[in-house]
Number of protein chains: 2
Amino acid sequence: MARPRSGDKKKAILDAALRICAERGIGGAPTSAISKAAGIAEGSLFTYFKTKDDLLNELYLTLRSEFSRNLREFPHGQDARDRLRYIWDKFLELGAAHPEQLKVLAQLRASGKLLKENEPPNFALVELMKATAEATEGNGLHDVPGEYLVLMVRAQAEITVEFINAHPEFAGVCRELGFKMLWKGLTGE
Amino acid sequence: MARPRSGDKKKAILDAALRICAERGIGGAPTSAISKAAGIAEGSLFTYFKTKDDLLNELYLTLRSEFSRNLREFPHGQDARDRLRYIWDKFLELGAAHPEQLKVLAQLRASGKLLKENEPPNFALVELMKATAEATEGNGLHDVPGEYLVLMVRAQAEITVEFINAHPEFAGVCRELGFKMLWKGLTGE
DNA sequence: TCTTAATGAGTGAGTAGTCAGTCACACCAT
DNA sequence: ATGGTGTGACTGACTACTCACTCATTAAGA
């Protein structure tokens with residue numbers, strides 16, 4: 001019965017927010033700059049997102065699910081090492097292709113502005129849980145909470161991406177040996 | 001020859017900044033709040049620090065050197081495992097005793113406001129470098145840059161502290177098995 | 001006395017969010 | 001087809017507020 005909202009516009013806002021936040025940090029990303037980058041009026045941003053925090057929360061969800069969408073060909077049948085390696089490779093791949101995405105994801109997580117209900121277990125997270133649980137089966141690490149292992153893996157992957165982006169000449173070594181280190185740490189093998 | 005500045009006052013400002021940044025994040029720590037918490041007038045803050053960024057940079061240096069001062073009884077003679085374990089334990093100890101310090105340190109590092117000249121190699125950093133280099137001697141990881149290994153170790157220690165603070169009941173397991181994981185990762189042993 | 005620390009109201013540059021007015025579009029009656 | 005009408009998206013100037021930093025003045029101390 002009235003003028004419909006434009007899905008494109010919402011996407012444009014999220015894209016703009018991602019760009020500006022990556023460039024200048026969340027703190028340095030005023031809604032005015034985001035609107036401008038999205039090609040809309042300052043006020044229009046608030047017809048798509050009630051507050052700036054709402055926008056940031058939705059950006060977080062979007063980025064997360066975008067990563068899971070990357071795991072389309074996940075090798076379900078194979079053993080834990082292959083599955084973990086697949087996630088590792090995809091993560092590093094994303095880090096190389098879209099460093100902004102991981103940077104902003106990390107910034108959002110650190111910002112303290114995310115609502116708790118915005119942490120639904122992910123496909124990636126669930127599979128990571130399963131793989132680390134299998135990897136540590138029958139060794140001492142199995143006593144440790146799975147969440148701890150997942151955080152460890154993510155931290156190692158994030159550091160690796162960051163380091164590779166700063167020193168691309170080590171991309172190959174870090175990808176291989178970083179995973180070796182991770183796997184040895186989990187299994188002792 | 002004139003009225004002298006007070007060292008106490010400077011320290012009070014740094015203490016207040018640490019407290020407020022830990023509580024409310026760097027973004028939520030206005031200079032007015034820091035001055036108030038330090039018990040001085042808003043303007044006085046700027047006789048001790050030219051800008052807020054200067055204050056944050058000096059806070060960063062202070063916190064870093066404070067951690068190194070914690071390593072007084074570093075076991076110089078012993079093997080790499082013991083030395084690394086000493087640093088690991090001290091790090092977790094600090095994380096338990098003063099979670100604000102590590103939290104703010106991480107926030108400052110992520111803020112993008114730190115000057116490069118503020119990253120002088122530390123005692124802790126140098127020893128960490130040596131220990132990881134020894135640990136990886138004669139295994140594939142030795143091809144990887146030492147800085148990468150150091151970042152890995154720090155990330156693992158930070159995650160462990162964070163996790164323990166959130167789930168104190170796992171403090172013992174995470175301290176022990178976290179280190180085991182770290183050491184296995186480095187050496188394969 | 002003379003320099004400089006200390007004070008806190010003041011300044012100006014932002015900021016998130018609002019709002020009255022405008023306009024594009026879906027729907028309906030002719 | 002055609003014109004009219006209700007709805008809500010769209011706009012950007014505006015508001016109320018916060019922030020880092022300044023400055024005229026006062027007080028301390030060498």
# chains A, B, ... in the order shown; residues from 1 in each chain; ligands from 1
call {"tool": "residues_around", "arguments": {"residues": "B:Leu59", "least_positions_apart": "5", "cutoff": "12 Å", "atoms": "only C-alpha atoms (C1' of nucleotides)", "output": "list in words"}}
result
Lys10, Lys11, Ala12, Ile13, Leu14, Asp15, Ala16, Ala17, Leu18, Arg19, Cys21, Ile26, Phe49, Lys52, Asp53, Asp54, Arg64, Ser65, Glu66, Gln101, Leu102, Val104, Leu105, Gln107, Leu108, Arg109, Lys113, Leu114 and Asn118 of chain B
call {"tool": "calpha_fit_and_write", "arguments": {"fixed": "chain B", "moving": "chain A", "output": "compact mmCIF listing (two decimals) with C-alpha atoms, in the first residue's frame"}}
result
# COMPACT_ATOMS: atom_id res chain seq x y z
CA MET A 1 62.29 28.03 40.47
CA ALA A 2 58.60 27.21 40.40
CA ARG A 3 56.03 24.84 41.67
CA PRO A 4 57.20 21.31 40.82
CA ARG A 5 55.03 18.73 39.09
CA SER A 6 53.84 15.95 41.25
CA GLY A 7 54.90 12.44 40.29
CA ASP A 8 52.00 11.21 42.36
CA LYS A 9 49.58 13.16 40.22
CA LYS A 10 50.89 11.70 37.01
CA LYS A 11 50.61 8.25 38.47
CA ALA A 12 47.10 9.04 39.68
CA ILE A 13 46.11 10.00 36.14
CA LEU A 14 47.53 6.79 34.68
CA ASP A 15 45.82 4.74 37.37
CA ALA A 16 42.53 6.50 36.75
CA ALA A 17 42.87 6.02 33.00
CA LEU A 18 43.52 2.31 33.51
CA ARG A 19 40.49 1.97 35.76
CA ILE A 20 38.10 3.88 33.52
CA CYS A 21 39.32 2.28 30.31
CA ALA A 22 38.94 -1.18 31.81
CA GLU A 23 35.44 -0.42 33.05
CA ARG A 24 34.03 1.40 30.06
CA GLY A 25 36.42 0.78 27.18
CA ILE A 26 38.78 3.29 25.64
CA GLY A 27 36.00 4.89 23.64
CA GLY A 28 33.93 5.38 26.78
CA ALA A 29 36.72 7.01 28.74
CA PRO A 30 36.50 10.79 28.27
CA THR A 31 39.32 12.88 29.64
CA SER A 32 36.81 14.57 31.91
CA ALA A 33 36.03 11.26 33.62
CA ILE A 34 39.71 10.40 33.92
CA SER A 35 40.51 13.77 35.51
CA LYS A 36 37.65 13.40 37.93
CA ALA A 37 38.72 9.89 38.92
CA ALA A 38 42.28 11.13 39.39
CA GLY A 39 41.03 13.92 41.65
CA ILE A 40 42.34 16.79 39.53
CA ALA A 41 40.84 19.49 37.35
CA GLU A 42 40.06 18.72 33.73
CA GLY A 43 42.70 21.13 32.52
CA SER A 44 45.45 19.70 34.69
CA LEU A 45 45.43 16.46 32.76
CA PHE A 46 46.88 18.40 29.86
CA THR A 47 49.83 19.70 31.81
CA TYR A 48 50.93 16.08 32.28
CA PHE A 49 49.91 14.79 28.84
CA LYS A 50 49.80 16.95 25.74
CA THR A 51 46.88 15.04 24.24
CA LYS A 52 44.67 12.11 25.11
CA ASP A 53 46.60 9.95 22.66
CA ASP A 54 49.80 10.79 24.48
CA LEU A 55 48.20 9.61 27.68
CA LEU A 56 47.09 6.36 26.07
CA ASN A 57 50.54 5.75 24.63
CA GLU A 58 52.17 6.29 27.96
CA LEU A 59 49.63 4.06 29.65
CA TYR A 60 50.55 1.35 27.17
CA LEU A 61 54.24 1.66 27.91
CA THR A 62 53.61 1.65 31.64
CA LEU A 63 51.52 -1.50 31.53
CA ARG A 64 54.03 -3.28 29.34
CA SER A 65 56.98 -2.51 31.53
CA GLU A 66 54.96 -3.41 34.59
CA PHE A 67 54.59 -6.91 33.20
CA SER A 68 58.29 -7.24 32.52
CA ARG A 69 58.98 -6.12 36.07
CA ASN A 70 56.99 -9.19 37.12
CA LEU A 71 59.59 -11.49 35.60
CA ARG A 72 62.24 -10.63 38.15
CA GLU A 73 63.09 -14.23 39.02
CA PHE A 74 63.26 -15.45 35.47
CA PRO A 75 65.12 -18.80 35.42
CA HIS A 76 67.88 -17.82 33.01
CA GLY A 77 69.87 -21.00 33.15
CA GLN A 78 67.15 -23.54 32.64
CA ASP A 79 65.88 -25.09 29.45
CA ALA A 80 63.41 -23.53 27.06
CA ARG A 81 60.43 -25.41 28.44
CA ASP A 82 60.98 -24.12 31.97
CA ARG A 83 61.57 -20.58 30.81
CA LEU A 84 58.48 -20.59 28.63
CA ARG A 85 56.50 -22.11 31.45
CA TYR A 86 57.69 -19.37 33.79
CA ILE A 87 56.45 -16.67 31.41
CA TRP A 88 53.19 -18.55 30.89
CA ASP A 89 52.59 -18.82 34.62
CA LYS A 90 53.41 -15.18 35.26
CA PHE A 91 51.12 -14.12 32.47
CA LEU A 92 48.21 -16.14 33.83
CA GLU A 93 48.99 -14.91 37.33
CA LEU A 94 48.80 -11.31 36.19
CA GLY A 95 45.62 -12.05 34.31
CA ALA A 96 44.03 -13.41 37.46
CA ALA A 97 45.28 -10.66 39.76
CA HIS A 98 44.79 -7.69 37.43
CA PRO A 99 42.44 -8.56 34.61
CA GLU A 100 42.06 -4.83 33.82
CA GLN A 101 45.70 -4.54 32.86
CA LEU A 102 45.62 -7.20 30.19
CA LYS A 103 42.20 -6.10 29.01
CA VAL A 104 43.33 -2.53 28.51
CA LEU A 105 46.62 -3.64 26.96
CA ALA A 106 44.69 -5.62 24.36
CA GLN A 107 42.28 -2.73 23.77
CA LEU A 108 45.13 -0.30 23.26
CA ARG A 109 46.82 -2.64 20.82
CA ALA A 110 43.57 -2.92 18.86
CA SER A 111 42.82 0.80 18.96
CA GLY A 112 45.27 1.79 16.24
CA LYS A 113 46.29 4.79 18.31
CA LEU A 114 49.71 3.53 19.36
CA LEU A 115 52.82 5.02 17.86
CA LYS A 116 55.24 2.56 16.30
CA GLU A 117 58.15 3.84 18.33
CA ASN A 118 56.26 2.62 21.37
CA GLU A 119 56.96 -1.01 20.61
CA PRO A 120 60.51 -1.37 21.86
CA PRO A 121 61.56 -4.98 22.32
CA ASN A 122 60.79 -5.94 25.83
CA PHE A 123 62.62 -8.24 28.18
CA ALA A 124 59.62 -10.56 28.10
CA LEU A 125 59.46 -10.40 24.32
CA VAL A 126 63.15 -11.12 23.85
CA GLU A 127 63.04 -14.08 26.18
CA LEU A 128 59.91 -15.38 24.50
CA MET A 129 61.66 -15.12 21.15
CA LYS A 130 64.63 -17.10 22.43
CA ALA A 131 62.51 -19.75 24.10
CA THR A 132 60.30 -20.37 21.07
CA ALA A 133 63.33 -20.46 18.80
CA GLU A 134 64.90 -23.12 21.00
CA ALA A 135 61.67 -25.06 21.27
CA THR A 136 61.30 -25.30 17.52
CA GLU A 137 64.94 -26.09 16.83
CA GLY A 138 65.29 -28.99 14.44
CA ASN A 139 61.61 -29.14 13.56
CA GLY A 140 59.71 -27.64 10.64
CA LEU A 141 58.44 -24.69 12.64
CA HIS A 142 61.93 -23.28 12.74
CA ASP A 143 61.34 -21.98 9.19
CA VAL A 144 58.56 -19.76 10.38
CA PRO A 145 59.40 -16.20 11.55
CA GLY A 146 59.95 -15.86 15.27
CA GLU A 147 57.47 -12.97 15.43
CA TYR A 148 54.75 -15.29 14.25
CA LEU A 149 55.48 -17.78 17.01
CA VAL A 150 55.51 -15.01 19.60
CA LEU A 151 52.13 -13.74 18.43
CA MET A 152 50.80 -17.29 18.62
CA VAL A 153 52.01 -17.75 22.16
CA ARG A 154 50.60 -14.42 23.26
CA ALA A 155 47.25 -15.14 21.65
CA GLN A 156 47.04 -18.50 23.39
CA ALA A 157 47.93 -16.99 26.72
CA GLU A 158 45.39 -14.20 26.29
CA ILE A 159 42.61 -16.58 25.39
CA THR A 160 43.48 -18.71 28.38
CA VAL A 161 43.34 -15.75 30.76
CA GLU A 162 40.05 -14.60 29.30
CA PHE A 163 38.55 -18.05 29.55
CA ILE A 164 39.75 -18.55 33.11
CA ASN A 165 38.30 -15.22 34.18
CA ALA A 166 34.98 -16.21 32.67
CA HIS A 167 35.11 -19.77 34.08
CA PRO A 168 37.32 -19.81 37.17
CA GLU A 169 36.42 -23.42 37.91
CA PHE A 170 38.62 -24.42 34.96
CA ALA A 171 41.63 -22.39 36.03
CA GLY A 172 43.77 -25.38 36.93
CA VAL A 173 42.97 -27.49 33.86
CA CYS A 174 43.42 -24.62 31.45
CA ARG A 175 46.70 -23.52 33.00
CA GLU A 176 48.16 -27.03 32.74
CA LEU A 177 46.64 -28.33 29.56
CA GLY A 178 46.81 -24.97 27.82
CA PHE A 179 50.54 -25.01 28.32
CA LYS A 180 50.78 -28.62 27.26
CA MET A 181 48.96 -27.73 24.07
CA LEU A 182 51.25 -24.78 23.48
CA TRP A 183 54.38 -26.81 24.06
CA LYS A 184 53.24 -29.74 21.98
CA GLY A 185 52.37 -27.35 19.20
CA LEU A 186 55.85 -25.87 19.24
CA THR A 187 57.86 -29.05 19.63
CA GLY A 188 55.61 -31.94 18.72
CA GLU A 189 56.63 -33.48 22.04
call {"tool": "interface_residues", "arguments": {"of": "chain C", "to": "chain B", "cutoff": "10 Å", "atoms": "only C-alpha atoms (C1' of nucleotides)", "output": "VMD selection string"}}
result
chain C and resid 2 to 8
call {"tool": "atom_distance", "arguments": {"atom1": "atom C1' of C:DT11", "atom2": "atom C1' of D:DT15"}}
result
18.6 Å
call {"tool": "select_by_dssp", "arguments": {"residues": "stretch 18-104 of chain B", "states": "alpha helix (DSSP H)", "output": "PyMOL selection string"}}
result
chain B and resi 18-24+31-38+45-48+52-69+80-97+99-104
call {"tool": "interface_residues", "arguments": {"of": "chain D", "to": "chain B", "cutoff": "10 Å", "atoms": "only C-alpha atoms (C1' of nucleotides)", "output": "number ranges by chain"}}
result
D: 18-23, 28-30
call {"tool": "atom_distance", "arguments": {"atom1": "atom C1' of D:DG8", "atom2": "atom C1' of C:DT15"}}
result
27.0 Å
call {"tool": "atom_distance", "arguments": {"atom1": "atom C1' of D:DG6", "atom2": "atom C1' of C:DC28"}}
result
10.8 Å
call {"tool": "residues_around", "arguments": {"residues": "C:DC23", "least_positions_apart": "4", "cutoff": "10 Å", "atoms": "only C-alpha atoms (C1' of nucleotides)", "output": "PyMOL selection string"}}
result
(chain A and resi 3) or (chain D and resi 9-11)
